[in-house]
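K.L.:
So here's entry-v1.cif, just mmCIF, C-alpha atoms:
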```cif
data_my_file
loop_
_atom_site.label_atom_id
_atom_site.label_comp_id
_atom_site.auth_asym_id
_atom_site.auth_seq_id
_atom_site.Cartn_x
_atom_site.Cartn_y
_atom_site.Cartn_z
CA MET Z 376 29.48 4.56 -22.10
CA THR Z 377 26.90 3.91 -19.45
CA ILE Z 378 23.84 1.79 -20.07
CA PRO Z 379 20.68 3.83 -19.49
CA ARG Z 380 18.72 2.92 -16.38
CA ILE Z 381 15.66 2.29 -18.46
CA VAL Z 382 17.41 -0.67 -20.15
CA GLY Z 383 17.91 -2.14 -16.70
CA ALA Z 384 14.26 -1.60 -15.90
CA GLY Z 385 13.34 -3.37 -19.13
CA LEU Z 386 15.57 -6.33 -18.30
CA ILE Z 387 14.00 -6.59 -14.84
CA VAL Z 388 10.54 -6.63 -16.35
CA ILE Z 389 11.59 -9.35 -18.81
CA GLY Z 390 13.02 -11.44 -15.99
CA VAL Z 391 10.03 -11.02 -13.71
CA GLY Z 392 7.66 -11.60 -16.60
CA VAL Z 393 9.35 -14.88 -17.57
CA GLY Z 394 9.38 -15.96 -13.92
CA ILE Z 395 5.76 -15.20 -13.13
CA GLY Z 396 4.72 -16.51 -16.55
CA ARG Z 397 6.34 -19.84 -15.80
CA ILE Z 398 4.71 -20.01 -12.37
CA GLY Z 399 1.32 -19.30 -13.91
CA GLY Z 400 1.85 -21.78 -16.73
CA GLN Z 401 3.02 -24.57 -14.45
CA ALA Z 402 0.14 -23.90 -12.08
CA MET Z 403 -2.31 -24.20 -14.98
CA GLU Z 404 -0.71 -27.50 -15.93
CA ALA Z 405 -0.91 -28.72 -12.37
CA ILE Z 406 -4.58 -27.74 -12.14
CA ALA Z 407 -5.27 -29.54 -15.42
CA ARG Z 408 -3.67 -32.69 -13.99
CA GLN Z 409 -5.38 -32.44 -10.62
CA PRO Z 410 -8.43 -30.21 -10.76
CA GLU Z 411 -9.38 -31.15 -7.19
CA ALA Z 412 -6.19 -29.49 -5.85
CA TYR Z 413 -7.19 -26.17 -7.45
CA GLY Z 414 -7.32 -24.16 -4.20
CA LYS Z 415 -3.99 -25.32 -2.87
CA ILE Z 416 -2.21 -24.80 -6.18
CA GLN Z 417 -3.63 -21.32 -6.56
CA THR Z 418 -2.49 -20.29 -3.08
CA ALA Z 419 1.01 -21.61 -3.65
CA MET Z 420 1.12 -19.90 -7.05
CA LEU Z 421 0.11 -16.54 -5.60
CA ILE Z 422 2.70 -16.76 -2.83
CA VAL Z 423 5.57 -17.61 -5.15
CA ALA Z 424 4.47 -14.98 -7.66
CA ALA Z 425 4.37 -12.42 -4.84
CA LEU Z 426 7.90 -13.34 -3.78
CA ILE Z 427 9.24 -12.82 -7.31
CA GLU Z 428 7.26 -9.62 -7.61
CA GLY Z 429 8.83 -8.33 -4.40
CA ILE Z 430 12.34 -8.91 -5.75
CA GLY Z 431 11.33 -7.32 -9.06
CA PHE Z 432 10.03 -4.20 -7.35
CA ALA Z 433 13.12 -3.92 -5.18
CA ALA Z 434 15.27 -4.08 -8.33
CA LEU Z 435 13.08 -1.54 -10.12
CA PHE Z 436 13.56 0.84 -7.20
CA ALA Z 437 17.30 0.37 -7.47
CA THR Z 438 17.16 1.44 -11.12
CA ALA Z 439 14.81 4.34 -10.43
CA GLU Z 440 17.07 5.78 -7.72
CA ASN Z 441 18.05 9.33 -8.67
CA MET K 1426 -32.67 -8.45 -14.37
CA ARG K 1427 -34.92 -10.08 -11.83
CA ASN K 1428 -32.71 -9.74 -8.81
CA PRO K 1429 -33.17 -6.25 -7.35
CA LEU K 1430 -29.98 -6.51 -5.31
CA LEU K 1431 -27.95 -7.23 -8.42
CA VAL K 1432 -29.51 -4.26 -10.20
CA LYS K 1433 -28.62 -2.02 -7.30
CA PHE K 1434 -25.09 -3.32 -7.28
CA PHE K 1435 -24.60 -2.61 -10.98
CA LEU K 1436 -26.11 0.83 -10.64
CA VAL K 1437 -23.87 1.74 -7.75
CA SER K 1438 -20.76 0.39 -9.41
CA THR K 1439 -21.51 2.26 -12.65
CA ILE K 1440 -21.95 5.52 -10.78
CA PHE K 1441 -18.81 4.83 -8.81
CA PHE K 1442 -16.68 4.35 -11.91
CA SER K 1443 -18.01 7.35 -13.73
CA VAL K 1444 -17.39 9.53 -10.71
CA THR K 1445 -13.83 8.26 -10.34
CA ILE K 1446 -12.91 8.97 -13.91
CA PHE K 1447 -14.66 12.29 -14.29
CA ALA K 1448 -13.26 13.62 -11.05
CA LYS K 1449 -9.75 12.82 -12.13
CA GLU K 1450 -10.25 14.36 -15.55
CA ALA K 1451 -11.46 17.53 -13.95
CA GLU K 1452 -8.46 17.63 -11.66
CA ILE K 1453 -5.97 17.65 -14.51
CA SER K 1454 -7.82 19.77 -17.04
CA SER K 1455 -8.13 22.57 -14.53
CA GLU K 1456 -4.39 22.95 -14.25
CA GLU K 1457 -3.60 23.25 -17.94
CA THR K 1458 -2.10 26.31 -19.68
CA LYS K 1459 1.19 26.25 -17.78
CA THR K 1460 4.54 26.15 -19.54
CA ASP K 1461 5.00 22.53 -20.49
CA LEU K 1462 2.14 20.06 -20.46
CA LYS K 1463 4.24 16.94 -19.94
CA THR K 1464 6.14 18.28 -16.96
CA GLU K 1465 2.87 19.54 -15.59
CA ILE K 1466 1.24 16.15 -15.77
CA ASP K 1467 4.35 14.67 -14.22
CA GLU K 1468 4.22 17.20 -11.39
CA TYR K 1469 0.54 16.57 -10.91
CA ILE K 1470 1.10 12.82 -10.56
CA GLN K 1471 3.98 13.42 -8.14
CA HIS K 1472 1.77 15.72 -6.11
CA HIS K 1473 -1.02 13.16 -6.03
CA LEU K 1474 1.30 10.42 -4.77
CA LYS K 1475 2.47 12.53 -1.84
CA ASP K 1476 0.78 13.13 1.45
CA SER K 1477 -0.49 16.66 1.99
CA HIS K 1478 -1.46 18.99 4.81
CA ASP K 1479 -4.84 19.88 3.35
CA PHE K 1480 -7.55 17.72 1.86
CA SER K 1481 -7.92 19.12 -1.61
CA LEU K 1482 -10.49 17.42 -3.81
CA PHE K 1483 -9.77 19.40 -6.96
CA SER K 1484 -8.74 22.86 -8.08
CA TYR K 1485 -9.68 24.94 -11.08
CA LYS K 1486 -8.89 28.26 -12.71
CA ASP K 1487 -11.60 30.80 -13.38
CA SER K 1488 -11.73 33.03 -16.46
CA GLU K 1489 -9.35 35.55 -14.85
CA GLY K 1490 -6.76 32.83 -14.26
CA ALA K 1491 -7.09 32.82 -10.48
CA GLU K 1492 -6.77 29.38 -8.92
CA HIS K 1493 -9.51 28.00 -6.70
CA HIS K 1494 -9.02 24.99 -4.48
CA VAL K 1495 -11.97 22.90 -3.43
CA GLY K 1496 -11.38 20.95 -0.25
CA PHE K 1497 -10.88 21.58 3.42
CA PRO K 1498 -7.87 22.35 5.63
CA LEU K 1499 -6.55 19.93 8.22
CA PRO K 1500 -4.95 20.74 11.58
CA VAL K 1501 -1.20 21.25 11.68
CA ILE K 1502 0.41 20.03 14.90
CA LEU K 1503 4.07 20.88 15.38
CA TRP K 1504 6.52 20.34 18.22
CA ASP K 1505 8.82 23.34 18.17
CA ASN K 1506 10.00 23.89 21.77
CA GLY K 1507 6.37 23.49 22.74
CA LEU K 1508 3.18 22.47 21.05
CA VAL K 1509 2.10 24.58 18.07
CA VAL K 1510 -1.37 23.96 16.63
CA PHE K 1511 -2.99 25.86 13.78
CA SER K 1512 -5.11 25.22 10.72
CA SER K 1513 -3.36 24.39 7.45
CA SER K 1514 -5.55 26.99 5.71
CA ARG K 1515 -2.98 29.54 6.94
CA PHE K 1516 -0.49 28.14 4.44
CA HIS K 1517 -2.81 28.97 1.52
CA HIS K 1518 -1.59 25.83 -0.30
CA GLY K 1519 2.04 26.67 0.30
CA GLU K 1520 1.79 30.20 -1.10
CA GLU K 1521 1.89 32.08 2.19
CA VAL K 1522 3.79 32.07 5.47
CA ALA K 1523 1.82 30.81 8.45
CA THR K 1524 2.32 32.69 11.69
CA SER K 1525 1.63 31.14 15.07
CA GLY K 1526 2.63 33.11 18.17
CA ASP K 1527 5.97 34.68 17.22
CA SER K 1528 7.15 31.83 14.96
CA HIS K 1529 6.71 31.63 11.20
CA TYR K 1530 6.33 28.46 9.19
CA LYS K 1531 6.39 27.82 5.49
CA LEU K 1532 5.30 24.83 3.46
CA TYR K 1533 8.02 23.85 1.01
CA HIS K 1534 7.68 20.67 -1.13
CA GLY K 1535 5.15 19.27 1.29
CA LYS K 1536 7.37 19.75 4.35
CA ILE K 1537 7.03 22.42 7.02
CA TYR K 1538 10.06 24.63 7.69
CA LYS K 1539 10.60 27.33 10.26
CA THR K 1540 11.36 30.62 8.54
CA ASP K 1541 11.54 34.34 9.19
CA ALA K 1542 8.51 36.59 8.66
CA ASP K 1543 9.11 36.75 4.88
CA GLY K 1544 9.25 32.99 4.50
CA THR K 1545 12.83 32.81 3.21
CA ILE K 1546 14.09 29.31 2.54
CA ASN K 1547 17.86 28.95 2.76
CA TYR K 1548 19.66 26.35 0.69
CA ASP K 1549 22.81 24.40 1.34
CA ALA K 1550 25.35 23.35 -1.29
CA GLU K 1551 23.18 20.49 -2.63
CA HIS K 1552 20.16 22.79 -2.97
CA HIS K 1553 18.36 21.25 -0.01
CA ALA K 1554 16.50 23.57 2.32
CA SER K 1555 18.63 24.16 5.41
CA ASN K 1556 15.93 25.77 7.56
CA ILE K 1557 14.95 24.20 10.88
CA LYS K 1558 12.34 21.50 10.47
CA PRO K 1559 10.06 21.28 13.51
CA LEU K 1560 8.74 17.83 14.44
CA ASP K 1561 5.56 17.37 12.47
CA PHE K 1562 2.67 15.48 14.09
CA SER K 1563 0.05 17.00 11.82
CA ILE K 1564 -3.20 15.30 10.93
CA THR K 1565 -2.37 15.00 7.25
CA LYS K 1566 -4.55 13.53 4.54
CA SER K 1567 -3.16 10.04 5.11
CA VAL K 1568 -3.53 10.26 8.88
CA MET K 1569 -7.11 11.37 8.44
CA MET K 1570 -7.89 8.45 6.15
CA ILE K 1571 -6.27 6.01 8.58
CA VAL K 1572 -8.40 7.36 11.43
CA ILE K 1573 -11.54 7.22 9.28
CA THR K 1574 -10.76 3.64 8.21
CA GLY K 1575 -10.14 2.72 11.84
CA PHE K 1576 -13.50 4.10 12.93
CA LEU K 1577 -15.22 2.52 9.96
CA MET K 1578 -13.80 -0.87 10.88
CA LEU K 1579 -14.71 -0.45 14.54
CA LEU K 1580 -18.29 0.49 13.71
CA LEU K 1581 -18.70 -2.08 10.95
CA PHE K 1582 -17.23 -5.12 12.67
CA GLY K 1583 -18.41 -4.11 16.14
CA GLY K 1584 -21.93 -3.80 14.75
CA LEU K 1585 -21.61 -7.09 12.92
CA ALA K 1586 -20.49 -8.88 16.07
CA LYS K 1587 -23.54 -7.54 17.92
CA SER K 1588 -25.90 -8.41 15.07
CA TYR K 1589 -25.03 -12.08 15.52
CA SER K 1590 -26.46 -12.23 19.02
CA LYS K 1591 -29.56 -10.30 17.97
CA ASN K 1592 -30.15 -12.39 14.89
CA GLY K 1593 -29.67 -15.80 16.44
CA GLY K 1594 -26.16 -16.48 15.19
CA ILE K 1595 -26.86 -15.68 11.56
CA ALA K 1596 -25.10 -12.86 9.73
CA LYS K 1597 -27.26 -10.09 8.40
CA GLY K 1598 -26.83 -7.15 6.08
CA ALA K 1599 -23.19 -6.42 5.27
CA GLY K 1600 -22.27 -9.40 7.42
CA ARG K 1601 -23.54 -11.66 4.64
CA PHE K 1602 -20.70 -10.28 2.56
CA PHE K 1603 -18.01 -10.14 5.23
CA GLU K 1604 -18.66 -13.47 6.94
CA PRO K 1605 -17.28 -15.61 4.09
CA VAL K 1606 -14.25 -13.33 3.82
CA ILE K 1607 -13.50 -13.69 7.53
CA LEU K 1608 -14.06 -17.44 7.36
CA TYR K 1609 -11.72 -17.63 4.38
CA ILE K 1610 -9.00 -15.84 6.32
CA ARG K 1611 -9.53 -18.15 9.27
CA ASP K 1612 -9.72 -21.44 7.39
CA ASP K 1613 -7.53 -20.96 4.36
CA ILE K 1614 -4.95 -18.52 5.68
CA ALA K 1615 -4.61 -18.86 9.45
CA ILE K 1616 -5.39 -22.54 10.01
CA ALA K 1617 -3.68 -23.65 6.80
CA THR K 1618 -0.39 -21.89 7.57
CA ILE K 1619 -0.22 -21.61 11.36
CA GLY K 1620 -2.05 -24.75 12.36
CA GLU K 1621 -5.16 -25.74 14.26
CA LYS K 1622 -3.58 -25.33 17.71
CA ARG K 1623 -2.05 -21.89 17.67
CA TYR K 1624 -3.88 -19.88 15.00
CA GLN K 1625 -6.27 -18.13 17.40
CA LYS K 1626 -3.55 -15.97 18.93
CA TYR K 1627 -2.83 -14.43 15.51
CA MET K 1628 -6.37 -14.07 14.18
CA PRO K 1629 -7.05 -10.51 15.45
CA PHE K 1630 -3.92 -9.19 13.80
CA LEU K 1631 -4.49 -11.03 10.53
CA LEU K 1632 -8.10 -9.88 10.23
CA THR K 1633 -7.24 -6.29 11.15
CA ILE K 1634 -4.37 -6.05 8.72
CA PHE K 1635 -6.37 -7.63 5.89
CA PHE K 1636 -9.34 -5.29 6.18
CA PHE K 1637 -7.18 -2.26 6.93
CA ILE K 1638 -5.11 -2.72 3.79
CA TRP K 1639 -8.10 -3.67 1.69
CA PHE K 1640 -10.20 -0.69 2.74
CA LEU K 1641 -7.34 1.75 2.31
CA ASN K 1642 -6.53 0.30 -1.12
CA MET K 1643 -10.16 0.75 -2.11
CA PHE K 1644 -10.21 4.32 -0.78
CA GLY K 1645 -7.21 4.96 -3.01
CA LEU K 1646 -9.37 4.18 -6.04
CA THR K 1647 -12.12 6.65 -5.13
CA PRO K 1648 -12.09 10.29 -6.26
CA LEU K 1649 -10.90 11.30 -2.79
CA GLY K 1650 -7.42 10.93 -4.24
CA VAL K 1651 -5.79 9.46 -1.16
CA ASN K 1652 -2.72 7.31 -1.50
CA VAL K 1653 -2.26 5.78 1.94
CA THR K 1654 -1.01 2.25 1.25
CA GLY K 1655 1.18 3.69 -1.50
CA ASN K 1656 3.12 5.56 1.17
CA ILE K 1657 6.30 3.81 2.25
CA ALA K 1658 6.06 5.07 5.84
CA ILE K 1659 2.72 3.35 6.34
CA THR K 1660 3.71 0.05 4.76
CA THR K 1661 6.88 0.16 6.87
CA ALA K 1662 4.81 0.53 10.02
CA LEU K 1663 2.66 -2.45 9.01
CA ALA K 1664 5.71 -4.56 8.21
CA ILE K 1665 7.31 -3.63 11.56
CA LEU K 1666 4.21 -4.96 13.31
CA THR K 1667 4.58 -8.26 11.47
CA PHE K 1668 8.28 -8.31 12.30
CA LEU K 1669 7.69 -7.71 16.01
CA ILE K 1670 4.90 -10.28 16.28
CA THR K 1671 6.96 -12.88 14.41
CA ASN K 1672 9.96 -12.50 16.65
CA PHE K 1673 8.21 -12.00 19.97
CA THR K 1674 6.00 -15.04 19.52
CA GLY K 1675 8.92 -17.09 18.22
CA THR K 1676 9.27 -20.43 19.97
CA LYS K 1677 12.45 -22.23 20.97
CA THR K 1678 12.22 -24.30 17.79
CA TYR K 1679 12.09 -21.15 15.67
CA TRP K 1680 15.27 -19.73 17.17
CA LYS K 1681 16.95 -23.11 17.00
CA HIS K 1682 16.11 -23.27 13.29
CA LEU K 1683 17.74 -19.89 12.87
CA PHE K 1684 20.95 -20.45 14.77
CA ASP K 1685 21.33 -24.22 14.55
CA PRO K 1686 19.52 -25.21 11.34
CA LEU K 1687 21.35 -28.52 10.87
CA GLY K 1688 20.59 -29.78 14.38
CA ASP K 1689 21.99 -33.18 15.26
CA SER K 1690 22.51 -34.32 11.70
CA MET K 1691 26.28 -33.81 11.84
CA PRO K 1692 29.07 -33.38 14.44
CA TRP K 1693 29.73 -29.88 15.76
CA TYR K 1694 33.14 -29.44 14.08
CA ALA K 1695 31.60 -30.07 10.66
CA LYS K 1696 28.98 -27.45 11.29
CA ILE K 1697 31.40 -24.58 11.98
CA PRO K 1698 32.44 -23.81 8.37
CA LEU K 1699 28.83 -24.13 7.21
CA TYR K 1700 27.49 -21.91 9.93
CA ILE K 1701 29.88 -19.09 9.08
CA ILE K 1702 27.79 -18.73 5.91
CA LEU K 1703 24.42 -20.05 7.05
CA ILE K 1704 23.82 -18.05 10.21
CA PRO K 1705 24.37 -14.60 8.65
CA ILE K 1706 21.97 -15.58 5.86
CA GLU K 1707 19.33 -16.75 8.34
CA VAL K 1708 19.72 -13.59 10.43
CA LEU K 1709 19.46 -11.40 7.32
CA GLY K 1710 16.35 -13.36 6.39
CA ILE K 1711 14.59 -12.16 9.54
CA PHE K 1712 14.85 -8.62 8.22
CA ILE K 1713 14.42 -9.34 4.52
CA LYS K 1714 11.03 -11.01 5.04
CA PRO K 1715 9.23 -7.92 6.43
CA PHE K 1716 11.23 -5.70 4.08
CA SER K 1717 9.89 -7.54 1.04
CA LEU K 1718 6.38 -7.20 2.51
CA LEU K 1719 6.67 -3.43 2.78
CA ILE K 1720 8.26 -2.95 -0.64
CA ARG K 1721 5.67 -5.16 -2.35
CA LEU K 1722 2.64 -3.36 -0.96
CA TYR K 1723 4.11 0.11 -1.42
CA ALA K 1724 5.35 -0.48 -4.97
CA ASN K 1725 2.15 -2.17 -6.12
CA MET K 1726 -0.12 0.59 -4.93
CA GLN K 1727 2.24 3.33 -6.05
CA ALA K 1728 2.59 1.74 -9.49
CA GLY K 1729 -1.16 1.35 -9.85
CA HIS K 1730 -1.75 5.01 -9.08
CA ILE K 1731 0.98 6.13 -11.47
CA VAL K 1732 -0.40 3.98 -14.30
CA ILE K 1733 -3.97 5.21 -13.91
CA MET K 1734 -2.93 8.85 -13.65
CA SER K 1735 -0.57 8.57 -16.62
CA LEU K 1736 -3.26 6.99 -18.78
CA ILE K 1737 -5.63 9.79 -17.92
CA GLY K 1738 -2.83 12.23 -18.69
CA LEU K 1739 -2.65 10.77 -22.23
CA MET K 1740 -5.85 12.60 -23.03
CA PHE K 1741 -4.18 15.97 -22.59
CA ILE K 1742 -1.13 15.01 -24.59
CA PHE K 1743 -2.99 13.70 -27.66
CA LYS K 1744 -5.75 16.33 -27.57
CA ASN K 1745 -7.96 14.58 -30.11
CA TRP K 1746 -10.61 11.89 -30.19
CA ILE K 1747 -8.07 9.02 -30.31
CA GLY K 1748 -6.42 10.20 -27.13
CA SER K 1749 -9.56 10.57 -25.11
CA SER K 1750 -11.12 7.28 -26.15
CA LEU K 1751 -7.81 5.47 -25.69
CA SER K 1752 -7.20 6.95 -22.29
CA PHE K 1753 -10.77 6.34 -21.17
CA GLY K 1754 -10.68 2.71 -22.26
CA LEU K 1755 -7.29 1.96 -20.79
CA ALA K 1756 -7.95 3.82 -17.55
CA PHE K 1757 -11.21 1.94 -17.16
CA ALA K 1758 -9.53 -1.42 -17.73
CA ILE K 1759 -6.68 -0.61 -15.35
CA SER K 1760 -9.18 0.61 -12.75
CA LEU K 1761 -10.85 -2.80 -12.90
CA ILE K 1762 -7.48 -4.53 -12.52
CA GLU K 1763 -6.68 -2.23 -9.60
CA ILE K 1764 -9.81 -3.43 -7.79
CA LEU K 1765 -8.43 -6.94 -8.09
CA VAL K 1766 -4.96 -5.78 -7.04
CA ALA K 1767 -6.44 -4.01 -4.00
CA VAL K 1768 -7.79 -7.26 -2.59
CA LEU K 1769 -4.88 -9.34 -3.87
CA GLN K 1770 -2.27 -7.21 -2.10
CA ALA K 1771 -4.24 -7.31 1.14
CA TYR K 1772 -4.47 -11.09 0.73
CA ILE K 1773 -0.75 -11.48 -0.02
CA PHE K 1774 0.26 -9.33 2.93
CA THR K 1775 -1.99 -11.33 5.28
CA MET K 1776 -0.96 -14.65 3.77
CA LEU K 1777 2.77 -14.00 4.03
CA SER K 1778 2.41 -12.59 7.57
CA ALA K 1779 0.55 -15.77 8.51
CA LEU K 1780 3.26 -17.84 6.90
CA TYR K 1781 5.95 -16.07 8.94
CA PHE K 1782 3.89 -16.51 12.10
CA GLY K 1783 3.58 -20.17 11.17
CA PHE K 1784 7.37 -20.51 11.05
CA ALA K 1785 7.74 -18.62 14.30
CA SER K 1786 5.22 -20.63 16.29
CA GLU K 1787 6.47 -23.99 15.11
CA GLU K 1788 6.66 -26.46 17.97
CA HIS K 1789 9.14 -29.22 18.59
CA GLU K 1790 7.10 -32.20 17.40
CA HIS K 1791 7.03 -30.67 13.94
CA ALA K 1792 10.79 -30.21 13.93
CA GLU K 1793 11.34 -33.90 14.60
CA ALA K 1794 9.51 -34.81 11.45
CA HIS K 1795 12.27 -33.35 9.27
#
```
What would you get if you wrote out this structure as structure tokens?
P.N.:
Amino acid sequence: MTIPRIVGAGLIVIGVGVGIGRIGGQAMEAIARQPEAYGKIQTAMLIVAALIEGIGFAALFATAEN
Amino acid sequence: MRNPLLVKFFLVSTIFFSVTIFAKEAEISSEETKTDLKTEIDEYIQHHLKDSHDFSLFSYKDSEGAEHHVGFPLPVILWDNGLVVFSSSRFHHGEEVATSGDSHYKLYHGKIYKTDADGTINYDAEHHASNIKPLDFSITKSVMMIVITGFLMLLLFGGLAKSYSKNGGIAKGAGRFFEPVILYIRDDIAIATIGEKRYQKYMPFLLTIFFFIWFLNMFGLTPLGVNVTGNIAITTALAILTFLITNFTGTKTYWKHLFDPLGDSMPWYAKIPLYIILIPIEVLGIFIKPFSLLIRLYANMQAGHIVIMSLIGLMFIFKNWIGSSLSFGLAFAISLIEILVAVLQAYIFTMLSALYFGFASEEHEHAEAH
């Protein structure tokens, strides 16, 4: 029995969601600790989130391949 | 509201949104009545995501069931043992065979094939068309939008540059809006990642790529229905530019980091087993970095378009008041998010390019600090 591709897509979304959620959460925490470093933290957060997003999209394309 | 500018802004943005949504509704509703609604919506979305040889704004069916396309044709430029140029109106939206000289061409799934006078498409075993495909240099919808964006940027930023000298070094008009954006790219992207000394060399590219991606993303949200940055060929071209600039401006330190990352920290014989693993990874990294750039931009814009179009398609599946209000609300919300995504993706692309340039232009004194 093969696992449907859509299950894989769901797993990817869970993984990426947990990852980006953690980045966002930790960034919020960091900003709460050091509000003056807001700009730097936000930039770093966006970059790391973008990196995870890139991997997530690449994986989604692998599952969507016909 | 007391501020007249603010009032104008809200008015314009309200009109803009209503136009976007109504235009898209009209596009789908016109093509109803076919066999299966779901496959039709699916096909419509697929068609929207692709590049096309004519600029069609929308199409509708009159009471007799005849289809009318509203839009304009674009030039088709082919290289088929010589230059062949004709208007894409000769294809009649893929329904007819275009004849130029003594050659015949047919549009099949958005690609141009050379056929006989009847437009026969031959298939191979895998049901792919096996006709000759002439080299296609046509001005397609995407190419047209790229050229328009290019001219727009030239006029806009050229004019802004001139307005500074006229206005005594103070931005005026649209420059009031763009000056902070440009300063942000310079101070918080270029200087922060590349460094005070070398950032100037990269500024033209970073600014160009930021505004190019941003403007094209925004055009993708208008009723024009273009999907330029959601086209993998275009994002690939942009990523190749980043790749070339990164590697051609790479300093000695950059290449040393790639091929001798451990430096003098251990004797050469200890490095050999490590380098068997490390160097292939570093070399792969050179290619993975621009690859992730191109996939990210392409997938984000593609996904955004699919989501908006699917939500609008909901209306025609539910066919009652819940469906239309749901699809309107959701499509409106996603449209707002897409405006954010449009600028965010341009920012991320610029930021990561700058980061890679920062690695590449690293000088020796920095390396010693490790």
K.L.:
Give as a list of chain:residue names the residues that the PyMOL selection byres ((chain K) within 8 of (chain Z)) matches when applied to the coordinates above.
P.N.:
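For this structure, the PyMOL selection byres ((chain K) within 8 of (chain Z)) captures K:Ser1717, K:Leu1718, K:Ile1720, K:Arg1721, K:Ala1724, K:Ile1773, K:Met1776, K:Leu1777.
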K.L.:
Would you work out the distance separating CA of Ile1670 in chain K from CA of Leu1719 in chain K, expressed in Å to one decimal?
P.N.:
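Computing it gives 15.2 Å between the two atoms.
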K.L.:
Quick one: apply the PyMOL selection byres ((chain K and resi 1618) around 9) to the file and drop the selected residues here as a PyMOL selection string.
P.N.:
chain K and resi 1613-1617+1619-1620+1624+1776+1779-1784
K.L.:
So what do you get for CA of Asp1689 in chain K versus CA of Pro1715 in chain K, distance-wise?
P.N.:
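Atom-to-atom, CA of Asp1689 in chain K to CA of Pro1715 in chain K, that is 29.6 Å.
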K.L.:
Could you tell me which residues the PyMOL selection byres ((chain Z and resi 376-393) around 6) grabs in this file, written as a list in words?
P.N.:
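Listing what the PyMOL selection byres ((chain Z and resi 376-393) around 6) selects in the shown file: Gly394, Ile395, Gly396, Leu435 and Thr438 of chain Z.
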K.L.:
Between CA of Phe1562 in chain K and CA of His1518 in chain K, what is the distance in Å, rounded to a tenth?
P.N.:
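Value for the CA of Phe1562 in chain K-CA of His1518 in chain K distance: 18.2 Å.
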K.L.:
Got a sec: who's within 7 Å of Ala1785 in chain K, counting all atoms listed in the file, leaving out chain neighbours fewer than 3 positions off, as a PyMOL selection string?
P.N.:
chain K and resi 1671-1672+1674-1676+1679+1781-1782
K.L.:
Give me, as a PDB file with C-alpha atoms, in the coordinates of the input, all polymer residues having an atom no more than 8 Å from range 1734-1744 of chain K, counting all atoms listed in the file and skipping those fewer than 2 positions away in the same chain.
P.N.:
```
ATOM      1  CA  LYS K1449      -9.750  12.820 -12.130  1.00  0.00           C
ATOM      2  CA  GLU K1450     -10.250  14.360 -15.550  1.00  0.00           C
ATOM      3  CA  ILE K1453      -5.970  17.650 -14.510  1.00  0.00           C
ATOM      4  CA  SER K1454      -7.820  19.770 -17.040  1.00  0.00           C
ATOM      5  CA  LEU K1462       2.140  20.060 -20.460  1.00  0.00           C
ATOM      6  CA  LYS K1463       4.240  16.940 -19.940  1.00  0.00           C
ATOM      7  CA  ILE K1466       1.240  16.150 -15.770  1.00  0.00           C
ATOM      8  CA  ILE K1470       1.100  12.820 -10.560  1.00  0.00           C
ATOM      9  CA  HIS K1730      -1.750   5.010  -9.080  1.00  0.00           C
ATOM     10  CA  ILE K1731       0.980   6.130 -11.470  1.00  0.00           C
ATOM     11  CA  VAL K1732      -0.400   3.980 -14.300  1.00  0.00           C
ATOM     12  CA  TRP K1746     -10.610  11.890 -30.190  1.00  0.00           C
ATOM     13  CA  ILE K1747      -8.070   9.020 -30.310  1.00  0.00           C
ATOM     14  CA  GLY K1748      -6.420  10.200 -27.130  1.00  0.00           C
ATOM     15  CA  SER K1749      -9.560  10.570 -25.110  1.00  0.00           C
ATOM     16  CA  LEU K1751      -7.810   5.470 -25.690  1.00  0.00           C
ATOM     17  CA  SER K1752      -7.200   6.950 -22.290  1.00  0.00           C
ATOM     18  CA  PHE K1753     -10.770   6.340 -21.170  1.00  0.00           C
ATOM     19  CA  LEU K1755      -7.290   1.960 -20.790  1.00  0.00           C
ATOM     20  CA  ALA K1756      -7.950   3.820 -17.550  1.00  0.00           C
TER      21      ALA K1756
END
```
K.L.:
Ranking K:Ser1778, K:Ile1733, K:Val1572, K:Ser1514 by minimum distance to Ala1758 in chain K and counting all atoms listed in the file, which one comes first?
P.N.:
K:Ile1733
K.L.:
What's the 10 Å shell around Phe1636 in chain K, counting all atoms listed in the file, without same-chain residues fewer than 2 positions away, as a list in words?
P.N.:
Thr1574, Gly1575, Met1578, Phe1603, Val1606, Ile1607, Leu1631, Leu1632, Thr1633, Ile1634, Ile1638, Trp1639, Phe1640, Leu1641, Asn1642, Val1768, Ala1771, Tyr1772 and Thr1775 of chain K
K.L.:
Could you pull the residues within 8 Å of Pro1500 in chain K, counting only C-alpha atoms, minus those fewer than 2 positions along the same chain, as number ranges by chain?
P.N.:
K: 1478, 1498, 1502, 1510-1513, 1563-1565
K.L.:
Counting only C-alpha atoms, what is within 10 Å of Ser1588 in chain K, bar same-chain residues fewer than 6 positions away, as a list in words?
P.N.:
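Using only C-alpha atoms, the neighbours found are Phe1582, Gly1594, Ile1595, Ala1596, Lys1597, Gly1598 and Gly1600 of chain K.
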K.L.:
Produce a file of the selected residues containing C-alpha atoms, as a compact mmCIF listing (two decimals), in the coordinates of the input.
P.N.:
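File written: part38.txt
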```
# COMPACT_ATOMS: atom_id res chain seq x y z
CA PHE K 1582 -17.23 -5.12 12.67
CA GLY K 1594 -26.16 -16.48 15.19
CA ILE K 1595 -26.86 -15.68 11.56
CA ALA K 1596 -25.10 -12.86 9.73
CA LYS K 1597 -27.26 -10.09 8.40
CA GLY K 1598 -26.83 -7.15 6.08
CA GLY K 1600 -22.27 -9.40 7.42
```
